[in-house]
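One file, my_file_1.pdb, is given below (PDB, C-alpha atoms, pLDDT in the B column).
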```pdb
ATOM      1  CA  MET V   1     -93.009  29.370 235.244  1.00 95.00           C
ATOM      2  CA  THR V   2     -91.866  31.136 238.370  1.00 98.00           C
ATOM      3  CA  LYS V   3     -90.628  34.689 237.943  1.00 98.00           C
ATOM      4  CA  LEU V   4     -88.274  36.521 240.263  1.00 98.00           C
ATOM      5  CA  ILE V   5     -88.794  40.246 239.783  1.00 98.00           C
ATOM      6  CA  ALA V   6     -86.464  43.068 240.802  1.00 98.00           C
ATOM      7  CA  LEU V   7     -87.998  46.510 240.461  1.00 98.00           C
ATOM      8  CA  PHE V   8     -85.668  49.480 240.790  1.00 98.00           C
ATOM      9  CA  ARG V   9     -86.582  53.065 241.584  1.00 98.00           C
ATOM     10  CA  LYS V  10     -84.601  55.895 240.033  1.00 97.00           C
ATOM     11  CA  PRO V  11     -81.033  55.781 241.384  1.00 97.00           C
ATOM     12  CA  ALA V  12     -79.182  58.859 242.581  1.00 96.00           C
ATOM     13  CA  ASP V  13     -76.553  58.437 239.855  1.00 97.00           C
ATOM     14  CA  PRO V  14     -78.180  56.778 236.829  1.00 97.00           C
ATOM     15  CA  ALA V  15     -74.991  56.596 234.757  1.00 97.00           C
ATOM     16  CA  GLU V  16     -73.060  54.874 237.537  1.00 97.00           C
ATOM     17  CA  PHE V  17     -76.024  52.579 238.230  1.00 98.00           C
ATOM     18  CA  ASP V  18     -76.283  51.609 234.561  1.00 97.00           C
ATOM     19  CA  ARG V  19     -72.571  50.911 234.347  1.00 97.00           C
ATOM     20  CA  HIS V  20     -72.580  48.663 237.401  1.00 98.00           C
ATOM     21  CA  TYR V  21     -75.815  46.967 236.362  1.00 97.00           C
ATOM     22  CA  ARG V  22     -74.528  46.148 232.892  1.00 95.00           C
ATOM     23  CA  ASP V  23     -70.900  45.326 233.580  1.00 96.00           C
ATOM     24  CA  THR V  24     -71.026  43.691 237.012  1.00 97.00           C
ATOM     25  CA  HIS V  25     -74.548  42.745 238.070  1.00 98.00           C
ATOM     26  CA  THR V  26     -76.008  41.250 234.889  1.00 97.00           C
ATOM     27  CA  PRO V  27     -73.096  38.827 234.365  1.00 97.00           C
ATOM     28  CA  LEU V  28     -73.704  37.553 237.926  1.00 98.00           C
ATOM     29  CA  VAL V  29     -77.460  37.195 237.337  1.00 98.00           C
ATOM     30  CA  LYS V  30     -76.819  35.144 234.218  1.00 97.00           C
ATOM     31  CA  LYS V  31     -74.976  32.582 236.362  1.00 97.00           C
ATOM     32  CA  TYR V  32     -78.123  31.675 238.357  1.00 98.00           C
ATOM     33  CA  PRO V  33     -78.426  27.869 238.072  1.00 98.00           C
ATOM     34  CA  GLY V  34     -81.656  27.013 236.254  1.00 98.00           C
ATOM     35  CA  LEU V  35     -82.279  30.502 234.841  1.00 97.00           C
ATOM     36  CA  ARG V  36     -84.473  30.093 231.747  1.00 96.00           C
ATOM     37  CA  LYS V  37     -84.855  33.681 230.667  1.00 95.00           C
ATOM     38  CA  LEU V  38     -83.811  37.159 231.750  1.00 96.00           C
ATOM     39  CA  GLU V  39     -85.957  40.050 230.593  1.00 96.00           C
ATOM     40  CA  ILE V  40     -84.888  43.589 231.408  1.00 97.00           C
ATOM     41  CA  THR V  41     -87.211  46.546 230.901  1.00 98.00           C
ATOM     42  CA  ARG V  42     -86.051  50.131 231.020  1.00 97.00           C
ATOM     43  CA  ILE V  43     -88.925  52.135 232.470  1.00 98.00           C
ATOM     44  CA  THR V  44     -89.524  55.294 230.486  1.00 97.00           C
ATOM     45  CA  GLY V  45     -92.806  56.747 231.711  1.00 98.00           C
ATOM     46  CA  ALA V  46     -96.393  56.348 232.826  1.00 97.00           C
ATOM     47  CA  PRO V  47     -99.695  56.901 231.008  1.00 94.00           C
ATOM     48  CA  ILE V  48    -100.744  59.367 233.704  1.00 88.00           C
ATOM     49  CA  GLY V  49     -98.268  61.452 235.699  1.00 89.00           C
ATOM     50  CA  GLU V  50     -94.725  60.292 236.290  1.00 93.00           C
ATOM     51  CA  THR V  51     -93.231  57.037 237.477  1.00 95.00           C
ATOM     52  CA  ARG V  52     -90.685  56.540 240.207  1.00 96.00           C
ATOM     53  CA  HIS V  53     -89.573  53.275 238.610  1.00 97.00           C
ATOM     54  CA  TYR V  54     -86.397  53.032 236.565  1.00 98.00           C
ATOM     55  CA  LEU V  55     -85.674  49.428 235.629  1.00 98.00           C
ATOM     56  CA  MET V  56     -87.287  46.013 236.000  1.00 98.00           C
ATOM     57  CA  ALA V  57     -85.514  42.677 235.739  1.00 98.00           C
ATOM     58  CA  GLU V  58     -87.497  39.463 235.404  1.00 97.00           C
ATOM     59  CA  MET V  59     -85.783  36.140 235.915  1.00 97.00           C
ATOM     60  CA  TYR V  60     -87.685  33.042 234.809  1.00 97.00           C
ATOM     61  CA  PHE V  61     -87.306  29.591 236.380  1.00 98.00           C
ATOM     62  CA  ASP V  62     -89.131  26.316 235.725  1.00 98.00           C
ATOM     63  CA  ASP V  63     -90.867  26.415 239.101  1.00 98.00           C
ATOM     64  CA  LYS V  64     -90.534  27.713 242.648  1.00 98.00           C
ATOM     65  CA  ASP V  65     -88.189  24.888 243.666  1.00 98.00           C
ATOM     66  CA  ALA V  66     -85.804  25.850 240.874  1.00 98.00           C
ATOM     67  CA  MET V  67     -85.933  29.507 241.936  1.00 98.00           C
ATOM     68  CA  ASP V  68     -85.369  28.612 245.594  1.00 98.00           C
ATOM     69  CA  SER V  69     -82.368  26.489 244.630  1.00 98.00           C
ATOM     70  CA  ALA V  70     -80.962  29.330 242.541  1.00 98.00           C
ATOM     71  CA  LEU V  71     -81.380  31.830 245.379  1.00 98.00           C
ATOM     72  CA  ALA V  72     -79.703  29.461 247.846  1.00 98.00           C
ATOM     73  CA  SER V  73     -76.774  28.630 245.558  1.00 98.00           C
ATOM     74  CA  SER V  74     -73.367  30.285 245.831  1.00 98.00           C
ATOM     75  CA  GLU V  75     -74.140  32.073 242.542  1.00 98.00           C
ATOM     76  CA  GLY V  76     -77.420  33.324 244.001  1.00 98.00           C
ATOM     77  CA  LYS V  77     -75.706  34.593 247.108  1.00 98.00           C
ATOM     78  CA  ALA V  78     -73.206  36.469 244.948  1.00 98.00           C
ATOM     79  CA  VAL V  79     -76.118  38.135 243.110  1.00 98.00           C
ATOM     80  CA  ALA V  80     -77.759  39.164 246.398  1.00 97.00           C
ATOM     81  CA  ARG V  81     -74.492  40.460 247.816  1.00 97.00           C
ATOM     82  CA  ASP V  82     -73.791  42.541 244.726  1.00 98.00           C
ATOM     83  CA  LEU V  83     -77.365  43.837 244.617  1.00 98.00           C
ATOM     84  CA  MET V  84     -77.099  45.096 248.179  1.00 97.00           C
ATOM     85  CA  SER V  85     -73.778  46.776 247.356  1.00 97.00           C
ATOM     86  CA  PHE V  86     -75.173  49.154 244.733  1.00 97.00           C
ATOM     87  CA  ALA V  87     -78.998  49.121 244.879  1.00 97.00           C
ATOM     88  CA  ALA V  88     -80.121  48.384 248.448  1.00 96.00           C
ATOM     89  CA  ASP V  89     -81.913  51.719 248.683  1.00 96.00           C
ATOM     90  CA  VAL V  90     -83.748  51.524 245.340  1.00 97.00           C
ATOM     91  CA  VAL V  91     -84.675  47.868 244.795  1.00 97.00           C
ATOM     92  CA  THR V  92     -87.742  45.796 245.665  1.00 97.00           C
ATOM     93  CA  VAL V  93     -87.648  42.057 244.993  1.00 97.00           C
ATOM     94  CA  PHE V  94     -90.659  39.748 244.793  1.00 98.00           C
ATOM     95  CA  PHE V  95     -91.707  36.629 242.926  1.00 98.00           C
ATOM     96  CA  GLY V  96     -94.762  35.005 241.475  1.00 98.00           C
ATOM     97  CA  GLU V  97     -96.289  32.498 239.118  1.00 98.00           C
ATOM     98  CA  GLU V  98     -97.014  33.169 235.480  1.00 95.00           C
ATOM     99  CA  GLU V  99    -100.691  32.554 234.796  1.00 92.00           C
ATOM    100  CA  PRO V 100    -101.450  30.172 231.934  1.00 75.00           C
ATOM    101  CA  MET V 101    -104.091  32.367 230.271  1.00 66.00           C
ATOM    102  CA  GLN V 102    -102.230  34.393 227.687  1.00 54.00           C
ATOM    103  CA  LYS V 103    -102.804  35.911 224.307  1.00 51.00           C
TER
ATOM    104  CA  MET O   1     -90.895  45.859 222.303  1.00 95.00           C
ATOM    105  CA  THR O   2     -92.721  48.346 224.461  1.00 98.00           C
ATOM    106  CA  LYS O   3     -94.310  46.985 227.613  1.00 98.00           C
ATOM    107  CA  LEU O   4     -97.189  48.517 229.497  1.00 98.00           C
ATOM    108  CA  ILE O   5     -97.061  47.288 233.088  1.00 98.00           C
ATOM    109  CA  ALA O   6     -99.864  47.341 235.655  1.00 98.00           C
ATOM    110  CA  LEU O   7     -98.723  46.433 239.150  1.00 98.00           C
ATOM    111  CA  PHE O   8    -101.427  45.795 241.733  1.00 98.00           C
ATOM    112  CA  ARG O   9    -101.087  45.872 245.500  1.00 98.00           C
ATOM    113  CA  LYS O  10    -103.148  43.487 247.600  1.00 97.00           C
ATOM    114  CA  PRO O  11    -106.838  44.380 247.226  1.00 97.00           C
ATOM    115  CA  ALA O  12    -109.225  44.627 250.177  1.00 96.00           C
ATOM    116  CA  ASP O  13    -111.315  41.751 248.797  1.00 97.00           C
ATOM    117  CA  PRO O  14    -109.053  39.411 246.814  1.00 97.00           C
ATOM    118  CA  ALA O  15    -111.853  37.043 245.736  1.00 97.00           C
ATOM    119  CA  GLU O  16    -113.944  39.876 244.319  1.00 97.00           C
ATOM    120  CA  PHE O  17    -110.863  41.430 242.708  1.00 98.00           C
ATOM    121  CA  ASP O  18    -109.929  38.123 241.082  1.00 97.00           C
ATOM    122  CA  ARG O  19    -113.446  37.605 239.765  1.00 97.00           C
ATOM    123  CA  HIS O  20    -113.629  41.080 238.226  1.00 98.00           C
ATOM    124  CA  TYR O  21    -110.101  40.853 236.886  1.00 97.00           C
ATOM    125  CA  ARG O  22    -110.715  37.532 235.173  1.00 95.00           C
ATOM    126  CA  ASP O  23    -114.290  37.928 233.967  1.00 96.00           C
ATOM    127  CA  THR O  24    -114.480  41.629 233.117  1.00 97.00           C
ATOM    128  CA  HIS O  25    -111.083  43.307 232.962  1.00 98.00           C
ATOM    129  CA  THR O  26    -108.973  40.742 231.093  1.00 97.00           C
ATOM    130  CA  PRO O  27    -111.457  40.435 228.192  1.00 97.00           C
ATOM    131  CA  LEU O  28    -111.254  44.229 227.780  1.00 98.00           C
ATOM    132  CA  VAL O  29    -107.437  44.209 227.902  1.00 98.00           C
ATOM    133  CA  LYS O  30    -107.326  41.582 225.169  1.00 97.00           C
ATOM    134  CA  LYS O  31    -109.137  44.006 222.858  1.00 97.00           C
ATOM    135  CA  TYR O  32    -106.260  46.534 222.861  1.00 98.00           C
ATOM    136  CA  PRO O  33    -105.449  47.142 219.192  1.00 98.00           C
ATOM    137  CA  GLY O  34    -101.903  45.956 218.463  1.00 98.00           C
ATOM    138  CA  LEU O  35    -101.496  43.891 221.649  1.00 97.00           C
ATOM    139  CA  ARG O  36     -98.814  41.270 220.941  1.00 96.00           C
ATOM    140  CA  LYS O  37     -98.721  39.447 224.257  1.00 95.00           C
ATOM    141  CA  LEU O  38    -100.331  39.593 227.668  1.00 96.00           C
ATOM    142  CA  GLU O  39     -98.408  38.092 230.573  1.00 96.00           C
ATOM    143  CA  ILE O  40    -100.020  37.950 233.989  1.00 97.00           C
ATOM    144  CA  THR O  41     -98.027  37.090 237.094  1.00 98.00           C
ATOM    145  CA  ARG O  42     -99.638  36.242 240.403  1.00 97.00           C
ATOM    146  CA  ILE O  43     -97.277  37.550 243.088  1.00 98.00           C
ATOM    147  CA  THR O  44     -96.767  34.996 245.838  1.00 97.00           C
ATOM    148  CA  GLY O  45     -93.923  36.253 247.989  1.00 98.00           C
ATOM    149  CA  ALA O  46     -90.531  37.860 248.386  1.00 97.00           C
ATOM    150  CA  PRO O  47     -87.080  36.400 249.065  1.00 94.00           C
ATOM    151  CA  ILE O  48     -86.762  38.581 252.161  1.00 88.00           C
ATOM    152  CA  GLY O  49     -89.752  39.741 254.200  1.00 89.00           C
ATOM    153  CA  GLU O  50     -93.175  40.129 252.649  1.00 93.00           C
ATOM    154  CA  THR O  51     -94.425  41.832 249.514  1.00 95.00           C
ATOM    155  CA  ARG O  52     -97.289  44.260 249.197  1.00 96.00           C
ATOM    156  CA  HIS O  53     -97.716  43.326 245.548  1.00 97.00           C
ATOM    157  CA  TYR O  54    -100.492  41.014 244.403  1.00 98.00           C
ATOM    158  CA  LEU O  55    -100.614  40.826 240.623  1.00 98.00           C
ATOM    159  CA  MET O  56     -98.670  42.147 237.652  1.00 98.00           C
ATOM    160  CA  ALA O  57     -99.952  42.427 234.096  1.00 98.00           C
ATOM    161  CA  GLU O  58     -97.562  43.073 231.230  1.00 97.00           C
ATOM    162  CA  MET O  59     -98.907  44.101 227.855  1.00 97.00           C
ATOM    163  CA  TYR O  60     -96.501  43.985 224.927  1.00 97.00           C
ATOM    164  CA  PHE O  61     -96.692  46.210 221.854  1.00 98.00           C
ATOM    165  CA  ASP O  62     -94.397  46.533 218.843  1.00 98.00           C
ATOM    166  CA  ASP O  63     -93.233  49.990 219.898  1.00 98.00           C
ATOM    167  CA  LYS O  64     -94.261  53.092 221.831  1.00 98.00           C
ATOM    168  CA  ASP O  65     -96.363  54.418 218.957  1.00 98.00           C
ATOM    169  CA  ALA O  66     -98.394  51.196 218.944  1.00 98.00           C
ATOM    170  CA  MET O  67     -98.887  51.426 222.708  1.00 98.00           C
ATOM    171  CA  ASP O  68     -99.881  55.090 222.516  1.00 98.00           C
ATOM    172  CA  SER O  69    -102.416  54.269 219.805  1.00 98.00           C
ATOM    173  CA  ALA O  70    -103.831  51.431 221.913  1.00 98.00           C
ATOM    174  CA  LEU O  71    -104.161  53.673 224.965  1.00 98.00           C
ATOM    175  CA  ALA O  72    -105.886  56.383 222.924  1.00 98.00           C
ATOM    176  CA  SER O  73    -108.328  54.007 221.200  1.00 98.00           C
ATOM    177  CA  SER O  74    -111.906  53.459 222.336  1.00 98.00           C
ATOM    178  CA  GLU O  75    -110.872  49.980 223.502  1.00 98.00           C
ATOM    179  CA  GLY O  76    -108.024  51.505 225.508  1.00 98.00           C
ATOM    180  CA  LYS O  77    -110.331  54.015 227.115  1.00 98.00           C
ATOM    181  CA  ALA O  78    -112.676  51.196 228.102  1.00 98.00           C
ATOM    182  CA  VAL O  79    -109.740  49.409 229.787  1.00 98.00           C
ATOM    183  CA  ALA O  80    -108.781  52.553 231.705  1.00 97.00           C
ATOM    184  CA  ARG O  81    -112.362  53.224 232.744  1.00 98.00           C
ATOM    185  CA  ASP O  82    -112.830  49.685 234.005  1.00 98.00           C
ATOM    186  CA  LEU O  83    -109.456  49.732 235.790  1.00 98.00           C
ATOM    187  CA  MET O  84    -110.415  52.854 237.699  1.00 97.00           C
ATOM    188  CA  SER O  85    -113.756  51.271 238.658  1.00 97.00           C
ATOM    189  CA  PHE O  86    -112.266  48.373 240.621  1.00 97.00           C
ATOM    190  CA  ALA O  87    -108.555  48.994 241.195  1.00 97.00           C
ATOM    191  CA  ALA O  88    -107.909  52.743 241.394  1.00 96.00           C
ATOM    192  CA  ASP O  89    -106.588  52.453 244.939  1.00 96.00           C
ATOM    193  CA  VAL O  90    -104.258  49.487 244.341  1.00 97.00           C
ATOM    194  CA  VAL O  91    -102.803  49.908 240.849  1.00 97.00           C
ATOM    195  CA  THR O  92     -99.681  51.594 239.491  1.00 97.00           C
ATOM    196  CA  VAL O  93     -99.214  51.772 235.728  1.00 97.00           C
ATOM    197  CA  PHE O  94     -95.958  52.479 233.920  1.00 98.00           C
ATOM    198  CA  PHE O  95     -94.243  51.506 230.684  1.00 98.00           C
ATOM    199  CA  GLY O  96     -90.834  50.822 229.284  1.00 98.00           C
ATOM    200  CA  GLU O  97     -88.650  49.318 226.618  1.00 98.00           C
ATOM    201  CA  GLU O  98     -87.471  45.728 226.641  1.00 95.00           C
ATOM    202  CA  GLU O  99     -83.694  45.654 226.460  1.00 92.00           C
ATOM    203  CA  PRO O 100     -82.198  43.528 223.680  1.00 75.00           C
ATOM    204  CA  MET O 101     -79.610  41.763 225.850  1.00 66.00           C
ATOM    205  CA  GLN O 102     -81.312  38.598 227.070  1.00 53.00           C
ATOM    206  CA  LYS O 103     -80.487  35.033 227.903  1.00 51.00           C
TER
END
```

Rewritten as structure tokens:
Amino acid sequence: MTKLIALFRKPADPAEFDRHYRDTHTPLVKKYPGLRKLEITRITGAPIGETRHYLMAEMYFDDKDAMDSALASSEGKAVARDLMSFAADVVTVFFGEEEPMQK
Amino acid sequence: MTKLIALFRKPADPAEFDRHYRDTHTPLVKKYPGLRKLEITRITGAPIGETRHYLMAEMYFDDKDAMDSALASSEGKAVARDLMSFAADVVTVFFGEEEPMQK
């Protein structure tokens, strides 16, 4: 599968970020055409030292074509627009392919 | 579940990195006591601009206690030692809790 990954650094106002993420952003993400799975991880620490990360969202699609279509759709544009409205300064977005070798 | 996440930036020698990661590091990771799932994602791009990320490994444990035990075990120490031998300059490690709300 192809995974779209949004990695967020600690926001200035975590409570406000969480509220917007839960009530406004996640409902938009769930409308991505072709979305197979959404996995959200709340980052809580690091084995050594501290972490500057806060939250990670992973969106799974069948393949890169499906992800590209989702990003280009009106629903995808609404996600991007909302993301930029509340997290432009703390988010990094990238994508990749799940490797078959798994336990 | 608790996820331990290793995020790698692009290595100086990708072919050598891939070889070591596949043949030496992954077999050690699979020996973590209590490891429930290993998901490896090969990062291939970003929706806007480029990405400096190269690979992401996600290791799933039942809970934080299970992860802490795995990290403290002799197998966990072997993973850490090997990681530092080939990826100290390109890896960031952090952990978090999977959120229940999922599609």

All in-order C-alpha pairs, least squares, chain O moved onto chain V. Output the fitted coordinates as a tab-separated table (two decimals) with C-alpha atoms, in the frame of the given file, please.
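Listed below is the output, out-v6.tsv:
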```
chain	number	residue	atom	x	y	z
O	1	MET	CA	-93.01	29.39	235.24
O	2	THR	CA	-91.86	31.14	238.37
O	3	LYS	CA	-90.62	34.68	237.95
O	4	LEU	CA	-88.28	36.52	240.26
O	5	ILE	CA	-88.80	40.25	239.79
O	6	ALA	CA	-86.46	43.06	240.80
O	7	LEU	CA	-88.00	46.50	240.46
O	8	PHE	CA	-85.67	49.48	240.79
O	9	ARG	CA	-86.59	53.06	241.59
O	10	LYS	CA	-84.60	55.88	240.03
O	11	PRO	CA	-81.03	55.77	241.39
O	12	ALA	CA	-79.18	58.86	242.60
O	13	ASP	CA	-76.56	58.43	239.86
O	14	PRO	CA	-78.18	56.76	236.84
O	15	ALA	CA	-74.98	56.60	234.76
O	16	GLU	CA	-73.06	54.85	237.53
O	17	PHE	CA	-76.03	52.56	238.23
O	18	ASP	CA	-76.28	51.62	234.55
O	19	ARG	CA	-72.57	50.90	234.32
O	20	HIS	CA	-72.58	48.65	237.40
O	21	TYR	CA	-75.81	46.97	236.36
O	22	ARG	CA	-74.53	46.14	232.89
O	23	ASP	CA	-70.89	45.33	233.58
O	24	THR	CA	-71.03	43.69	237.01
O	25	HIS	CA	-74.54	42.75	238.07
O	26	THR	CA	-76.01	41.26	234.89
O	27	PRO	CA	-73.09	38.83	234.38
O	28	LEU	CA	-73.69	37.55	237.93
O	29	VAL	CA	-77.45	37.21	237.34
O	30	LYS	CA	-76.82	35.14	234.23
O	31	LYS	CA	-74.98	32.59	236.37
O	32	TYR	CA	-78.12	31.67	238.37
O	33	PRO	CA	-78.42	27.88	238.08
O	34	GLY	CA	-81.64	27.01	236.24
O	35	LEU	CA	-82.28	30.50	234.84
O	36	ARG	CA	-84.47	30.08	231.74
O	37	LYS	CA	-84.85	33.68	230.65
O	38	LEU	CA	-83.81	37.14	231.74
O	39	GLU	CA	-85.96	40.05	230.59
O	40	ILE	CA	-84.89	43.58	231.40
O	41	THR	CA	-87.21	46.53	230.90
O	42	ARG	CA	-86.03	50.12	231.01
O	43	ILE	CA	-88.92	52.13	232.46
O	44	THR	CA	-89.53	55.30	230.48
O	45	GLY	CA	-92.81	56.75	231.70
O	46	ALA	CA	-96.39	56.35	232.81
O	47	PRO	CA	-99.70	56.91	231.01
O	48	ILE	CA	-100.75	59.37	233.70
O	49	GLY	CA	-98.28	61.45	235.70
O	50	GLU	CA	-94.73	60.29	236.29
O	51	THR	CA	-93.24	57.03	237.48
O	52	ARG	CA	-90.68	56.53	240.20
O	53	HIS	CA	-89.59	53.26	238.62
O	54	TYR	CA	-86.40	53.02	236.58
O	55	LEU	CA	-85.68	49.42	235.64
O	56	MET	CA	-87.29	46.01	236.00
O	57	ALA	CA	-85.52	42.67	235.74
O	58	GLU	CA	-87.50	39.46	235.41
O	59	MET	CA	-85.79	36.13	235.92
O	60	TYR	CA	-87.69	33.03	234.83
O	61	PHE	CA	-87.30	29.59	236.38
O	62	ASP	CA	-89.13	26.32	235.72
O	63	ASP	CA	-90.86	26.42	239.10
O	64	LYS	CA	-90.53	27.72	242.65
O	65	ASP	CA	-88.20	24.90	243.67
O	66	ALA	CA	-85.80	25.86	240.86
O	67	MET	CA	-85.93	29.51	241.93
O	68	ASP	CA	-85.38	28.62	245.59
O	69	SER	CA	-82.37	26.50	244.63
O	70	ALA	CA	-80.96	29.35	242.54
O	71	LEU	CA	-81.38	31.83	245.38
O	72	ALA	CA	-79.71	29.46	247.85
O	73	SER	CA	-76.76	28.63	245.57
O	74	SER	CA	-73.36	30.29	245.83
O	75	GLU	CA	-74.12	32.08	242.55
O	76	GLY	CA	-77.41	33.32	243.99
O	77	LYS	CA	-75.71	34.59	247.11
O	78	ALA	CA	-73.21	36.47	244.95
O	79	VAL	CA	-76.13	38.14	243.11
O	80	ALA	CA	-77.75	39.17	246.40
O	81	ARG	CA	-74.48	40.46	247.81
O	82	ASP	CA	-73.78	42.54	244.72
O	83	LEU	CA	-77.37	43.84	244.61
O	84	MET	CA	-77.11	45.10	248.17
O	85	SER	CA	-73.78	46.79	247.35
O	86	PHE	CA	-75.19	49.16	244.73
O	87	ALA	CA	-78.99	49.11	244.87
O	88	ALA	CA	-80.12	48.38	248.44
O	89	ASP	CA	-81.92	51.71	248.68
O	90	VAL	CA	-83.75	51.52	245.33
O	91	VAL	CA	-84.69	47.87	244.80
O	92	THR	CA	-87.75	45.79	245.67
O	93	VAL	CA	-87.65	42.05	244.99
O	94	PHE	CA	-90.65	39.75	244.80
O	95	PHE	CA	-91.72	36.63	242.94
O	96	GLY	CA	-94.76	35.01	241.46
O	97	GLU	CA	-96.30	32.50	239.12
O	98	GLU	CA	-97.02	33.19	235.48
O	99	GLU	CA	-100.69	32.56	234.79
O	100	PRO	CA	-101.46	30.17	231.93
O	101	MET	CA	-104.11	32.35	230.27
O	102	GLN	CA	-102.24	34.45	227.73
O	103	LYS	CA	-102.74	35.95	224.32
```

task = Counting all atoms listed in the file, collect the residues of chain O whose closest atom lies at most 10 Å from chain V, and write them out as a VMD selection string.
result = chain O and resid 1 to 5 22 26 30 35 to 57 59 67 to 68 71 92 to 103

inquiry  = Please report the interatomic distance between CA of Phe86 (chain O) and CA of Phe17 (chain O) in Å with one decimal.
reply    = 7.4 Å

key: Distance criterion (only C-alpha atoms): nearest to Tyr32 (chain O) out of O:Glu58, O:Val91, O:Met84, O:Ala70   = O:Ala70

Identify, on the basis of only C-alpha atoms, every residue whose closest approach to His25 (chain O) does not exceed 12 Å; exclude the query and any residue fewer than 6 positions from it along the same chain; express the result as an mmCIF file with C-alpha atoms, keeping the file's coordinate frame.
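Final output, saved to around04.cif:
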```
data_model
loop_
_atom_site.group_PDB
_atom_site.id
_atom_site.type_symbol
_atom_site.label_atom_id
_atom_site.label_comp_id
_atom_site.auth_asym_id
_atom_site.auth_seq_id
_atom_site.Cartn_x
_atom_site.Cartn_y
_atom_site.Cartn_z
ATOM 1 C CA PHE O 17 -110.863 41.430 242.708
ATOM 2 C CA ASP O 18 -109.929 38.123 241.082
ATOM 3 C CA ARG O 19 -113.446 37.605 239.765
ATOM 4 C CA LYS O 31 -109.137 44.006 222.858
ATOM 5 C CA TYR O 32 -106.260 46.534 222.861
ATOM 6 C CA ALA O 57 -99.952 42.427 234.096
ATOM 7 C CA GLU O 75 -110.872 49.980 223.502
ATOM 8 C CA GLY O 76 -108.024 51.505 225.508
ATOM 9 C CA ALA O 78 -112.676 51.196 228.102
ATOM 10 C CA VAL O 79 -109.740 49.409 229.787
ATOM 11 C CA ALA O 80 -108.781 52.553 231.705
ATOM 12 C CA ARG O 81 -112.362 53.224 232.744
ATOM 13 C CA ASP O 82 -112.830 49.685 234.005
ATOM 14 C CA LEU O 83 -109.456 49.732 235.790
ATOM 15 C CA MET O 84 -110.415 52.854 237.699
ATOM 16 C CA SER O 85 -113.756 51.271 238.658
ATOM 17 C CA PHE O 86 -112.266 48.373 240.621
ATOM 18 C CA ALA O 87 -108.555 48.994 241.195
#
```

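Atom pair CA of Lys64 (chain V) / CA of Ala15 (chain O): separated by 23.5 Å.
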